[in-house]
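What follows is a short report on a single structure.
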Amino acid sequence: MSCIQHCYGHHRAGALKRERATALVANAGATRGRSESSDGLPKTISGTWDFKWPIGKVIRFAFQALPNDLDPNIAVTGKALVQEKLAAWLRAEKYAPNLDYTIIPGEYPAPFGRTKHGVRWAHSVGGSADYDVLISFLPLPVALPATEQHPEAAIGTSASELGRYAERVERGVPTMYLGAWEGFDPSTWFARLEGQFAVVHEIGHALGMPHEQQNPLAYDLPWKTLDEMKRLLRTRSGLARFMDLEAFITEEIVGRWPGEIVEGPDGKASVRFSDWRTPAAKAPSFDFQSVMAKPSYQCLLQGVHPASECTPDGCSILERALSQLLVPTEYDLAHLETMYGTRASGAHTLASAPPPPSSNKVAAQ
Amino acid sequence: MSQEAVRPVTPPDPHEPHSKHHDILFIRDEIEQRAGRRLERFPVNKITGHFVNQWGEHKPPVGLNDEGHRPTLNLGGAGAGTPHDPVRGPALSTLPLHPSPAASSASTCYLVNAQNLNYTTPWTAEEWNDRPGGFDAEGYSRPDVFSVLIASPAGKVYYLEKKKAGGNTIEYEDEHFLFREVDLRLESDVWAALRNGCVAGTAIYEAKAAATRREKVVPLVNIDSLTPRALAGESK
């Protein structure tokens with residue numbers, strides 16, 4: 001799950017309209033188009049570079065303490081798993097992206113109190129250490145208080161801010177939520193495949209990677225109808241009961257990531273101001289070979305089993321797929337290296353990058 | 001089609017200089033020599049448009065006959081606003097440090113002239129890239145042409161003009177000059193500074209040949225923030 005908006009109160013002005021959500025799903029089979037202004041001007045200046053960390057950044061990860069009424073082992077296992085997955089992303093043997101991490105010692109104060117609906121508050125009060133990413137292990141759902149800019153909101157499923165968007169979050173408010181989903185035992189969450197996958201996936205978001213199935217360069221996928229998907233998601237759990245499923249499906253699963261597709265000098269499609277690459281999935285299959293495409297979404301495709309066969313303890317597709325996606329894949333690691341270049345004696349060099357546009361070196365007069 | 005015929009229309013600026021919405025935030029080092037930074041806020045009363053103190057009381061603007069009024073206005077901007085005498089001058093100044101009239105000893109240290117700033121530019125018009133749905137800003141861009149005067153520390157000023165848009169990556173180098181299009185894909189510091197609203201500041205330019213990272217910090221300016229609007233976005 002990507003940046004933190006799957007809440008019953010949208011962070012941004014303008015909630016998604018029902019008809020737009022329906023249209024996006026209905027048009028999922030439409031032909032992928034390319035756009036480019038006739039004079040080569042970009043239509044807008046925006047892309048995934050917006051949330052990319054500075055090259056060479058050492059991302060500071062901090063943990064939030066848990067309230068005393070919760071099993072302390074949750075944080076112990078959670079922290080260990082986070083560090084294991086961070087190393088898998090950033091210190092893999094064959095890859096050396098120009099990006100690294102460090103763990104801030106100690107913990108941010110545990111949050112306390114609940115909303116009038118009984119949902120735990122997620123934010124710490126006090127705490128002064130500087131960090132880039134603040135991780136919460138509170139069991140979900142949790143709530144965020146209203147601010148001048150945003151109404152009270154809730155986090156209903158695993159979530160993380162995208163890359164350096166974490167810098168825009170107020171101090172003490174977590175930027176990553178890894179706690180157990182509603183209906184699951186928090187004490188054993190990180191022993192489950194879903195819990196482990198959530199960690200490796202959310203860390204990918206924290207490093208600046210959106211969902212791969214939302215890649216604008218991907219083939220259109222044959223999604224089930226909106227109602228079928230909602231039924232299946234409710235059956236399978238993992239999402240809090242109050243969540244706006246229609247908005248979630250459009251924003252997190254089927255909607256294409258915003259971006260202007262253009263043709264590069266090599267004739268390949270690319271997305272302006274973005275790091276999207278040609279997906280690994282060939283033809284309209286869900287085989288993205290990436291931890292940034294949640295394998296459970298495969299069950300939302302036409303021709304894959306109905307909701308009645310897809311339950312938390314009864315989905316063979318999910319279990320098999322999750323077990324193969326507990327560490328970043330070769331595709332993921334290569335992509336990260338492309339995004340940030342490679343570490344080489346403290347400087348960066350391009351690795352596996354597409355050739356730059358041909359230069360037009362002008363001779364000195 | 002000629003360049004003029006395809007000149008794009010600039011959307012209306014939602015934050016004109018006379019708008020009542022302009023708070024000022026000031027970042028400086030902590031006063032008591034503690035490590036860190038201090039954030040000061042000078043809020044505007046959104047109804048009256050006046051700056052207020054910490055008790056919400058209106059702070060009157062500097063009066064016509066108050067000390068520093070005339071010298072500061074003349075220092076902080078020029079031009080009567082006529083075609084023959086267009087408005088121009090600094091957007092941001094650090095005033096000269098000597099006991100001359102209108103230097104910092106007489107009026108102030110930092111000066112911002114909103115008249116010489118374009119609040120919204122192509123770099124900030126589009127909202128930050130995010131999942132589909134939600135708020136949708138009206139982004140835009142403009143042709144890749146500009147002119148700029150650059151002052152060196154040696155008492156010289158250079159004029160640089162990019163006359164033509166389009167074409168392949170530009171690079172020009174001789175023993176005196178290097179002019180190069182920056183590959184923004186791995187210059188995320190430069191990209192972020194501009195997308196976050198930097199008018200003038202610094203950023204790490206990774207491709208600069210330098211022995212240390214500190215030496216890779218290079219001044220950065222967003223030309224469109226400063227380009228007089230009549231030229232930057234005429235309606236067709």
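In the structure tokens, the first chain shown is A, the next is B, and so on; residue numbers restart at 1 for each chain, and ligands run from 1 in the order shown.
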Original post:
Near Pro72 in chain A, counting only C-alpha atoms, which residues have an atom at most 12 Å away, once you skip same-chain residues fewer than 5 positions from it, shown as a PyMOL selection string?
Top reply: chain A and resi 65-67+77-79+110+137-138+186-188
So that I have them on file, write out the residues from the current selection with N, CA and C atoms, as a PDB file, in the first residue's frame.
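What landed in again_8.pdb:
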```pdb
ATOM      1  N   ALA A  65       7.538   3.578  20.149  1.00  0.00           N
ATOM      2  CA  ALA A  65       7.293   2.588  21.199  1.00  0.00           C
ATOM      3  C   ALA A  65       5.826   2.174  21.199  1.00  0.00           C
ATOM      4  N   LEU A  66       5.570   1.013  21.798  1.00  0.00           N
ATOM      5  CA  LEU A  66       4.206   0.524  21.921  1.00  0.00           C
ATOM      6  C   LEU A  66       3.642   0.839  23.301  1.00  0.00           C
ATOM      7  N   PRO A  67       2.337   1.068  23.396  1.00  0.00           N
ATOM      8  CA  PRO A  67       1.724   1.245  24.720  1.00  0.00           C
ATOM      9  C   PRO A  67       1.936   0.009  25.586  1.00  0.00           C
ATOM     10  N   THR A  77      10.005  -8.302  17.478  1.00  0.00           N
ATOM     11  CA  THR A  77      10.012  -9.032  16.203  1.00  0.00           C
ATOM     12  C   THR A  77       9.877  -8.073  15.030  1.00  0.00           C
ATOM     13  N   GLY A  78       9.081  -7.026  15.213  1.00  0.00           N
ATOM     14  CA  GLY A  78       8.907  -6.057  14.132  1.00  0.00           C
ATOM     15  C   GLY A  78      10.208  -5.352  13.777  1.00  0.00           C
ATOM     16  N   LYS A  79      10.916  -4.908  14.766  1.00  0.00           N
ATOM     17  CA  LYS A  79      12.184  -4.210  14.506  1.00  0.00           C
ATOM     18  C   LYS A  79      13.176  -5.131  13.815  1.00  0.00           C
ATOM     19  N   ALA A 110       5.496   6.256  23.081  1.00  0.00           N
ATOM     20  CA  ALA A 110       4.331   5.478  22.671  1.00  0.00           C
ATOM     21  C   ALA A 110       3.110   6.384  22.591  1.00  0.00           C
ATOM     22  N   PHE A 137       4.149   0.091  15.028  1.00  0.00           N
ATOM     23  CA  PHE A 137       3.743  -1.311  15.051  1.00  0.00           C
ATOM     24  C   PHE A 137       2.367  -1.489  15.695  1.00  0.00           C
ATOM     25  N   LEU A 138       1.674  -0.388  15.929  1.00  0.00           N
ATOM     26  CA  LEU A 138       0.350  -0.483  16.543  1.00  0.00           C
ATOM     27  C   LEU A 138      -0.579  -1.327  15.695  1.00  0.00           C
ATOM     28  N   PRO A 186      -1.849  -9.714  16.873  1.00  0.00           N
ATOM     29  CA  PRO A 186      -0.637  -8.896  16.740  1.00  0.00           C
ATOM     30  C   PRO A 186       0.631  -9.628  17.182  1.00  0.00           C
ATOM     31  N   SER A 187       0.487 -10.522  18.157  1.00  0.00           N
ATOM     32  CA  SER A 187       1.691 -11.170  18.694  1.00  0.00           C
ATOM     33  C   SER A 187       2.335 -12.122  17.700  1.00  0.00           C
ATOM     34  N   THR A 188       1.548 -12.600  16.749  1.00  0.00           N
ATOM     35  CA  THR A 188       2.103 -13.549  15.772  1.00  0.00           C
ATOM     36  C   THR A 188       2.106 -12.976  14.364  1.00  0.00           C
TER      37      THR A 188
END
```
Original post:
Taking only C-alpha atoms into account, what are the residues of chain B at most 7 Å from chain A, put as a PyMOL selection string?
Top reply: chain B and resi 122-123+126+128-129+131-135+139-141+143+168-174+186+188-189+192
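From CA of Leu217 in chain A back to CA of Lys268 in chain A, the distance works out to 10.1 Å.
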Original post:
Excluding same-chain residues fewer than 6 positions from range 56-59 of chain B, what lies within 10 Å of it counting only C-alpha atoms, as a PyMOL selection string?
Top reply: chain B and resi 43-45+48-50
Once you have the residues from the selection above, write them out as a CSV table (one decimal), in the first residue's frame, restricted to N, CA and C atoms.
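Writing done, so here's result_8.csv:
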```
chain,number,residue,atom,x,y,z
B,43,PRO,N,2.7,36.1,10.6
B,43,PRO,CA,1.4,35.8,10.0
B,43,PRO,C,0.7,37.0,9.5
B,44,VAL,N,-0.1,36.8,8.5
B,44,VAL,CA,-1.0,37.8,7.9
B,44,VAL,C,-2.4,37.6,8.4
B,45,ASN,N,-3.1,38.6,8.8
B,45,ASN,CA,-4.5,38.5,9.0
B,45,ASN,C,-5.2,38.3,7.7
B,48,THR,N,-7.9,41.3,6.9
B,48,THR,CA,-7.5,42.6,6.7
B,48,THR,C,-6.3,42.7,5.8
B,49,GLY,N,-5.5,41.6,5.7
B,49,GLY,CA,-4.3,41.6,4.9
B,49,GLY,C,-3.1,42.2,5.6
B,50,HIS,N,-3.3,42.6,6.9
B,50,HIS,CA,-2.1,43.2,7.7
B,50,HIS,C,-1.4,42.1,8.4
```
**OP:** Find the spatial neighbours of Cys198 in chain B, counting only C-alpha atoms, within a cut-off of 9 Å - ignore same-chain residues fewer than 4 positions away - and output them as a PyMOL selection string.
**Re:** chain B and resi 192-194+202+220-222+225
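Taking range 55-171 of chain B and asking which residues DSSP calls alpha helix (DSSP H) on the backbone, you get B:His69, B:Arg70, B:Pro71, B:Thr72, B:Leu73, B:Asn74, B:Leu75, B:Gly76, B:Pro122, B:Trp123, B:Thr124, B:Ala125.
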Take the residues from that selection and write them out as a JSON list (two decimals), in the first residue's frame, keeping N, CA and C atoms.
```json
[["chain", "number", "residue", "atom", "x", "y", "z"],
["B", 69, "HIS", "N", 11.43, 54.42, 5.12],
["B", 69, "HIS", "CA", 10.36, 54.11, 4.15],
["B", 69, "HIS", "C", 10.80, 54.41, 2.72],
["B", 70, "ARG", "N", 11.14, 55.65, 2.48],
["B", 70, "ARG", "CA", 11.50, 56.02, 1.11],
["B", 70, "ARG", "C", 12.77, 55.33, 0.63],
["B", 71, "PRO", "N", 13.85, 55.35, 1.41],
["B", 71, "PRO", "CA", 15.07, 54.67, 0.92],
["B", 71, "PRO", "C", 14.84, 53.17, 0.66],
["B", 72, "THR", "N", 14.07, 52.51, 1.53],
["B", 72, "THR", "CA", 13.86, 51.07, 1.34],
["B", 72, "THR", "C", 13.05, 50.79, 0.09],
["B", 73, "LEU", "N", 11.99, 51.56, -0.14],
["B", 73, "LEU", "CA", 11.18, 51.32, -1.34],
["B", 73, "LEU", "C", 12.01, 51.55, -2.60],
["B", 74, "ASN", "N", 12.86, 52.56, -2.57],
["B", 74, "ASN", "CA", 13.69, 52.80, -3.74],
["B", 74, "ASN", "C", 14.76, 51.75, -3.90],
["B", 75, "LEU", "N", 15.24, 51.22, -2.80],
["B", 75, "LEU", "CA", 16.23, 50.15, -2.85],
["B", 75, "LEU", "C", 15.59, 48.84, -3.28],
["B", 76, "GLY", "N", 14.36, 48.66, -2.85],
["B", 76, "GLY", "CA", 13.72, 47.36, -3.03],
["B", 76, "GLY", "C", 12.98, 47.20, -4.33],
["B", 122, "PRO", "N", 5.78, 27.00, -13.58],
["B", 122, "PRO", "CA", 5.57, 25.63, -14.07],
["B", 122, "PRO", "C", 6.13, 24.57, -13.14],
["B", 123, "TRP", "N", 7.13, 24.94, -12.34],
["B", 123, "TRP", "CA", 7.72, 23.94, -11.45],
["B", 123, "TRP", "C", 6.83, 23.60, -10.27],
["B", 124, "THR", "N", 5.96, 24.53, -9.91],
["B", 124, "THR", "CA", 5.12, 24.27, -8.74],
["B", 124, "THR", "C", 3.64, 24.19, -9.06],
["B", 125, "ALA", "N", 3.27, 24.44, -10.32],
["B", 125, "ALA", "CA", 1.84, 24.48, -10.65],
["B", 125, "ALA", "C", 1.18, 23.13, -10.46]]
```
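Closest approach to Arg60 in chain A among A:Ala122, A:Leu99, A:Leu81, A:Leu300: A:Leu99, based on only C-alpha atoms.
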